[in-house]
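Here is target_2.pdb, consisting of PDB, C-alpha atoms and all ligand atoms:
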```pdb
MODEL        1
ATOM      1  CA  MET A   1       0.000   0.000   0.000  1.00  0.00           C
ATOM      2  CA  GLU A   2       1.201   3.522  -0.818  1.00  0.00           C
ATOM      3  CA  MET A   3       2.023   5.139   2.520  1.00  0.00           C
ATOM      4  CA  LEU A   4       2.028   8.749   1.383  1.00  0.00           C
ATOM      5  CA  SER A   5      -0.775   9.964  -0.871  1.00  0.00           C
ATOM      6  CA  ASP A   6       0.021  12.344  -3.745  1.00  0.00           C
ATOM      7  CA  GLU A   7      -1.807  15.015  -1.791  1.00  0.00           C
ATOM      8  CA  ILE A   8       0.439  14.567   1.235  1.00  0.00           C
ATOM      9  CA  LYS A   9       3.532  14.488  -0.955  1.00  0.00           C
ATOM     10  CA  SER A  10       2.678  17.799  -2.548  1.00  0.00           C
ATOM     11  CA  GLU A  11       1.830  19.282   0.844  1.00  0.00           C
ATOM     12  CA  ILE A  12       5.248  18.152   2.095  1.00  0.00           C
ATOM     13  CA  GLN A  13       6.903  19.639  -0.969  1.00  0.00           C
ATOM     14  CA  CYS A  14       5.260  23.027  -0.383  1.00  0.00           C
ATOM     15  CA  GLY A  15       5.570  22.907   3.402  1.00  0.00           C
ATOM     16  CA  THR A  16       9.265  22.087   3.494  1.00  0.00           C
ATOM     17  CA  GLY A  17      10.244  24.494   0.715  1.00  0.00           C
ATOM     18  CA  ALA A  18      10.885  27.358   3.109  1.00  0.00           C
ATOM     19  CA  CYS A  19      12.691  25.267   5.741  1.00  0.00           C
ATOM     20  CA  PRO A  20      16.212  26.539   6.391  1.00  0.00           C
ATOM     21  CA  THR A  21      17.498  23.264   7.828  1.00  0.00           C
ATOM     22  CA  ARG A  22      17.091  19.561   7.236  1.00  0.00           C
ATOM     23  CA  ARG A  23      15.772  19.162  10.785  1.00  0.00           C
ATOM     24  CA  CYS A  24      13.063  21.747  10.129  1.00  0.00           C
ATOM     25  CA  ALA A  25      12.062  19.989   6.893  1.00  0.00           C
ATOM     26  CA  ILE A  26      11.814  16.615   8.628  1.00  0.00           C
ATOM     27  CA  LEU A  27       9.689  18.021  11.445  1.00  0.00           C
ATOM     28  CA  GLU A  28       7.409  19.824   9.011  1.00  0.00           C
ATOM     29  CA  ALA A  29       6.930  16.644   6.937  1.00  0.00           C
ATOM     30  CA  LEU A  30       6.173  14.550  10.021  1.00  0.00           C
ATOM     31  CA  GLU A  31       3.665  17.118  11.251  1.00  0.00           C
ATOM     32  CA  ILE A  32       1.886  17.050   7.895  1.00  0.00           C
ATOM     33  CA  VAL A  33       1.617  13.246   8.065  1.00  0.00           C
ATOM     34  CA  GLN A  34       0.427  13.452  11.664  1.00  0.00           C
ATOM     35  CA  ARG A  35      -2.252  16.038  10.861  1.00  0.00           C
ATOM     36  CA  ARG A  36      -3.671  13.654   8.245  1.00  0.00           C
ATOM     37  CA  HIS A  37      -3.349  10.367  10.082  1.00  0.00           C
ATOM     38  CA  GLY A  38      -3.278  11.329  13.776  1.00  0.00           C
ATOM     39  CA  TRP A  39       0.123   9.681  14.368  1.00  0.00           C
ATOM     40  CA  VAL A  40       3.225   8.516  12.484  1.00  0.00           C
ATOM     41  CA  SER A  41       3.613   4.755  12.044  1.00  0.00           C
ATOM     42  CA  ASP A  42       6.968   3.080  11.257  1.00  0.00           C
ATOM     43  CA  GLU A  43       5.824   2.568   7.674  1.00  0.00           C
ATOM     44  CA  ARG A  44       4.903   6.202   7.190  1.00  0.00           C
ATOM     45  CA  LEU A  45       8.124   7.337   8.837  1.00  0.00           C
ATOM     46  CA  LYS A  46      10.048   5.232   6.325  1.00  0.00           C
ATOM     47  CA  ALA A  47       7.980   6.671   3.479  1.00  0.00           C
ATOM     48  CA  VAL A  48       8.839  10.209   4.647  1.00  0.00           C
ATOM     49  CA  ALA A  49      12.531   9.273   4.765  1.00  0.00           C
ATOM     50  CA  ASP A  50      12.350   7.812   1.240  1.00  0.00           C
ATOM     51  CA  PHE A  51      10.477  10.825  -0.077  1.00  0.00           C
ATOM     52  CA  LEU A  52      12.970  13.301   1.424  1.00  0.00           C
ATOM     53  CA  ASN A  53      15.867  11.110   0.364  1.00  0.00           C
ATOM     54  CA  LEU A  54      17.097  10.715   3.943  1.00  0.00           C
ATOM     55  CA  THR A  55      17.772   7.715   6.137  1.00  0.00           C
ATOM     56  CA  VAL A  56      15.154   6.274   8.473  1.00  0.00           C
ATOM     57  CA  GLU A  57      17.556   6.963  11.382  1.00  0.00           C
ATOM     58  CA  GLU A  58      17.719  10.675  10.557  1.00  0.00           C
ATOM     59  CA  VAL A  59      13.954  11.012  10.421  1.00  0.00           C
ATOM     60  CA  ASP A  60      13.406   8.818  13.464  1.00  0.00           C
ATOM     61  CA  GLY A  61      15.917  10.911  15.431  1.00  0.00           C
ATOM     62  CA  VAL A  62      13.833  14.025  14.841  1.00  0.00           C
ATOM     63  CA  ALA A  63      10.547  12.206  15.544  1.00  0.00           C
ATOM     64  CA  THR A  64      11.894  10.918  18.848  1.00  0.00           C
ATOM     65  CA  PHE A  65      13.362  14.261  19.892  1.00  0.00           C
ATOM     66  CA  TYR A  66      10.129  16.196  19.505  1.00  0.00           C
ATOM     67  CA  ASN A  67       7.485  14.627  21.684  1.00  0.00           C
ATOM     68  CA  ARG A  68       4.759  16.347  19.732  1.00  0.00           C
ATOM     69  CA  ILE A  69       5.294  13.719  17.024  1.00  0.00           C
ATOM     70  CA  PHE A  70       3.229  10.712  18.073  1.00  0.00           C
ATOM     71  CA  ARG A  71       4.703   7.324  17.188  1.00  0.00           C
ATOM     72  CA  ARG A  72       1.727   5.348  18.486  1.00  0.00           C
ATOM     73  CA  PRO A  73      -2.009   5.798  17.894  1.00  0.00           C
ATOM     74  CA  VAL A  74      -3.514   8.531  20.074  1.00  0.00           C
ATOM     75  CA  GLY A  75      -7.019   9.609  21.073  1.00  0.00           C
ATOM     76  CA  ARG A  76      -9.061  12.304  19.342  1.00  0.00           C
ATOM     77  CA  HIS A  77      -7.522  14.885  21.665  1.00  0.00           C
ATOM     78  CA  VAL A  78      -4.015  14.885  23.106  1.00  0.00           C
ATOM     79  CA  ILE A  79      -3.452  16.480  26.509  1.00  0.00           C
ATOM     80  CA  LEU A  80       0.157  17.475  27.125  1.00  0.00           C
ATOM     81  CA  VAL A  81       0.772  18.128  30.817  1.00  0.00           C
ATOM     82  CA  CYS A  82       3.753  20.355  31.530  1.00  0.00           C
ATOM     83  CA  ASP A  83       6.152  18.413  33.730  1.00  0.00           C
ATOM     84  CA  SER A  84       8.806  21.058  34.503  1.00  0.00           C
ATOM     85  CA  VAL A  85      10.002  23.246  37.349  1.00  0.00           C
ATOM     86  CA  SER A  86       7.592  26.230  37.341  1.00  0.00           C
ATOM     87  CA  CYS A  87       4.616  23.922  37.007  1.00  0.00           C
ATOM     88  CA  TRP A  88       5.916  21.665  39.781  1.00  0.00           C
ATOM     89  CA  ILE A  89       6.128  24.683  42.077  1.00  0.00           C
ATOM     90  CA  MET A  90       2.667  25.939  41.127  1.00  0.00           C
ATOM     91  CA  GLY A  91       0.770  22.697  41.696  1.00  0.00           C
ATOM     92  CA  PHE A  92       1.520  20.237  38.886  1.00  0.00           C
ATOM     93  CA  GLU A  93       0.912  17.293  41.213  1.00  0.00           C
ATOM     94  CA  ASN A  94      -2.666  18.333  42.056  1.00  0.00           C
ATOM     95  CA  ILE A  95      -3.443  18.992  38.436  1.00  0.00           C
ATOM     96  CA  LEU A  96      -2.086  15.643  37.319  1.00  0.00           C
ATOM     97  CA  VAL A  97      -3.936  13.749  40.059  1.00  0.00           C
ATOM     98  CA  HIS A  98      -7.163  15.520  39.104  1.00  0.00           C
ATOM     99  CA  ILE A  99      -6.829  14.796  35.381  1.00  0.00           C
ATOM    100  CA  THR A 100      -5.861  11.166  35.893  1.00  0.00           C
ATOM    101  CA  LYS A 101      -8.809  10.615  38.265  1.00  0.00           C
ATOM    102  CA  ARG A 102     -11.202  12.414  35.968  1.00  0.00           C
ATOM    103  CA  LEU A 103     -10.166  10.453  32.883  1.00  0.00           C
ATOM    104  CA  GLY A 104      -9.103   7.201  34.545  1.00  0.00           C
ATOM    105  CA  ILE A 105      -5.799   7.085  32.668  1.00  0.00           C
ATOM    106  CA  GLY A 106      -2.137   7.787  33.381  1.00  0.00           C
ATOM    107  CA  PHE A 107       0.678   9.142  31.228  1.00  0.00           C
ATOM    108  CA  GLY A 108       1.013   7.342  27.916  1.00  0.00           C
ATOM    109  CA  GLU A 109      -2.554   6.025  28.020  1.00  0.00           C
ATOM    110  CA  THR A 110      -5.725   6.702  26.048  1.00  0.00           C
ATOM    111  CA  THR A 111      -9.272   6.657  27.438  1.00  0.00           C
ATOM    112  CA  PRO A 112     -11.238   3.544  26.359  1.00  0.00           C
ATOM    113  CA  ASP A 113     -13.612   5.746  24.318  1.00  0.00           C
ATOM    114  CA  GLY A 114     -10.652   7.127  22.373  1.00  0.00           C
ATOM    115  CA  ARG A 115     -11.416  10.669  23.505  1.00  0.00           C
ATOM    116  CA  PHE A 116      -8.160  11.659  25.242  1.00  0.00           C
ATOM    117  CA  THR A 117      -4.509  10.653  25.351  1.00  0.00           C
ATOM    118  CA  LEU A 118      -2.408  11.939  28.241  1.00  0.00           C
ATOM    119  CA  LEU A 119       1.277  12.718  27.787  1.00  0.00           C
ATOM    120  CA  PRO A 120       3.947  14.621  29.739  1.00  0.00           C
ATOM    121  CA  ILE A 121       5.885  17.411  28.092  1.00  0.00           C
ATOM    122  CA  GLN A 122       8.760  19.624  29.147  1.00  0.00           C
ATOM    123  CA  CYS A 123       8.156  23.335  29.758  1.00  0.00           C
ATOM    124  CA  LEU A 124       5.426  24.645  27.461  1.00  0.00           C
ATOM    125  CA  GLY A 125       7.012  28.090  27.526  1.00  0.00           C
ATOM    126  CA  ALA A 126       4.138  29.490  29.575  1.00  0.00           C
ATOM    127  CA  CYS A 127       5.731  29.449  33.037  1.00  0.00           C
ATOM    128  CA  GLU A 128       3.959  32.673  34.054  1.00  0.00           C
ATOM    129  CA  GLN A 129       0.690  30.743  33.624  1.00  0.00           C
ATOM    130  CA  ALA A 130       1.827  27.645  35.523  1.00  0.00           C
ATOM    131  CA  PRO A 131       0.478  25.087  36.036  1.00  0.00           C
ATOM    132  CA  ALA A 132      -0.248  24.651  32.348  1.00  0.00           C
ATOM    133  CA  ILE A 133      -1.388  22.019  29.872  1.00  0.00           C
ATOM    134  CA  MET A 134      -1.830  21.991  26.113  1.00  0.00           C
ATOM    135  CA  ILE A 135      -4.710  20.260  24.346  1.00  0.00           C
ATOM    136  CA  ASP A 136      -4.439  19.811  20.571  1.00  0.00           C
ATOM    137  CA  GLY A 137      -2.072  22.763  20.390  1.00  0.00           C
ATOM    138  CA  THR A 138      -4.146  25.115  22.565  1.00  0.00           C
ATOM    139  CA  LEU A 139      -2.561  26.299  25.794  1.00  0.00           C
ATOM    140  CA  HIS A 140      -4.544  26.320  29.037  1.00  0.00           C
ATOM    141  CA  GLY A 141      -2.870  27.971  32.022  1.00  0.00           C
ATOM    142  CA  ASP A 142      -3.398  29.029  35.649  1.00  0.00           C
ATOM    143  CA  LEU A 143      -5.170  25.731  36.126  1.00  0.00           C
ATOM    144  CA  THR A 144      -7.311  24.641  39.025  1.00  0.00           C
ATOM    145  CA  PRO A 145      -9.301  21.397  39.241  1.00  0.00           C
ATOM    146  CA  ASP A 146     -12.559  23.282  38.536  1.00  0.00           C
ATOM    147  CA  LYS A 147     -11.041  25.008  35.554  1.00  0.00           C
ATOM    148  CA  ILE A 148      -9.874  21.660  34.176  1.00  0.00           C
ATOM    149  CA  ASP A 149     -13.391  20.243  34.400  1.00  0.00           C
ATOM    150  CA  GLU A 150     -14.701  23.197  32.415  1.00  0.00           C
ATOM    151  CA  ILE A 151     -11.956  22.907  29.802  1.00  0.00           C
ATOM    152  CA  LEU A 152     -12.443  19.160  29.280  1.00  0.00           C
ATOM    153  CA  LYS A 153     -16.143  19.684  28.569  1.00  0.00           C
ATOM    154  CA  GLY A 154     -15.131  21.551  25.437  1.00  0.00           C
ATOM    155  CA  TYR A 155     -13.513  18.463  23.861  1.00  0.00           C
ATOM    156  CA  GLU A 156     -15.844  15.744  22.626  1.00  0.00           C
TER     157      GLU A 156
HETATM  158  S1  LIG B   1       7.406  24.915  33.552  1.00  0.00           S
HETATM  159 FE1  LIG B   1       5.370  24.586  32.911  1.00  0.00          FE
HETATM  160  S2  LIG B   1       5.116  26.052  31.348  1.00  0.00           S
HETATM  161 FE2  LIG B   1       7.176  26.312  31.945  1.00  0.00          FE
ENDMDL
END
```

Same coordinates, now as structure tokens:
Amino acid sequence: MEMLSDEIKSEIQCGTGACPTRRCAILEALEIVQRRHGWVSDERLKAVADFLNLTVEEVDGVATFYNRIFRRPVGRHVILVCDSVSCWIMGFENILVHITKRLGIGFGETTPDGRFTLLPIQCLGACEQAPAIMIDGTLHGDLTPDKIDEILKGYE
């Protein structure tokens, strides 16, 4: 089976055109694949490497470095919980306990209904809003348990 459709290939061609470095081009290509398929399988990673004329190791190195590239299937929404110093100080533990109780899953897991996947991430760059999480690329800061309940309602 063809792992990259013609549409994805042309999107990669356009998307990576302006990339100043090889690393940038790889990340851009992987993000395009992920937007279409939700995650990047080994087969698709190899197809990206072939298409960009790079080795699988080079592409895999970038995919592994950036934890926003998902190498396993994920739920409809991905919650990234900031697991770094400012968030630790401002109540990370409470936030994590609340989310895990609410959803019944821990880090690296997906709810049985496929609604959420929970993953840790290093500093989201929003320390002044700690504790913070990101859901599908949207930042949510200054979290409290009540605020989390409200936020989660917005994701079906
Ligand atoms: S430490 Fe959490 S956003 Fe920076």

Item checked: Protein and nucleic residues near ligand LIG 1 (chain B), 8 Å, all atoms listed in the file, as an MDAnalysis selection string -> chainID A and resid 82:88 122:133

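Using only C-alpha atoms, the nearest neighbour of Gly114 (chain A) within the list A:Gly137, A:Gly15, A:Pro73, A:Pro20 is A:Pro73.
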
Next item on the list: Work out how far apart CA of Asp136 (chain A) and CA of Cys19 (chain A) are and give it in Å to one decimal.
Entry: 23.3 Å

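The space between CA of Glu31 (chain A) and CA of Arg68 (chain A) spans 8.6 Å.
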
Next item on the list: Just give me the gap between CA of Arg76 (chain A) and CA of Gly104 (chain A) in Å, one decimal is fine.
Entry: 16.0 Å
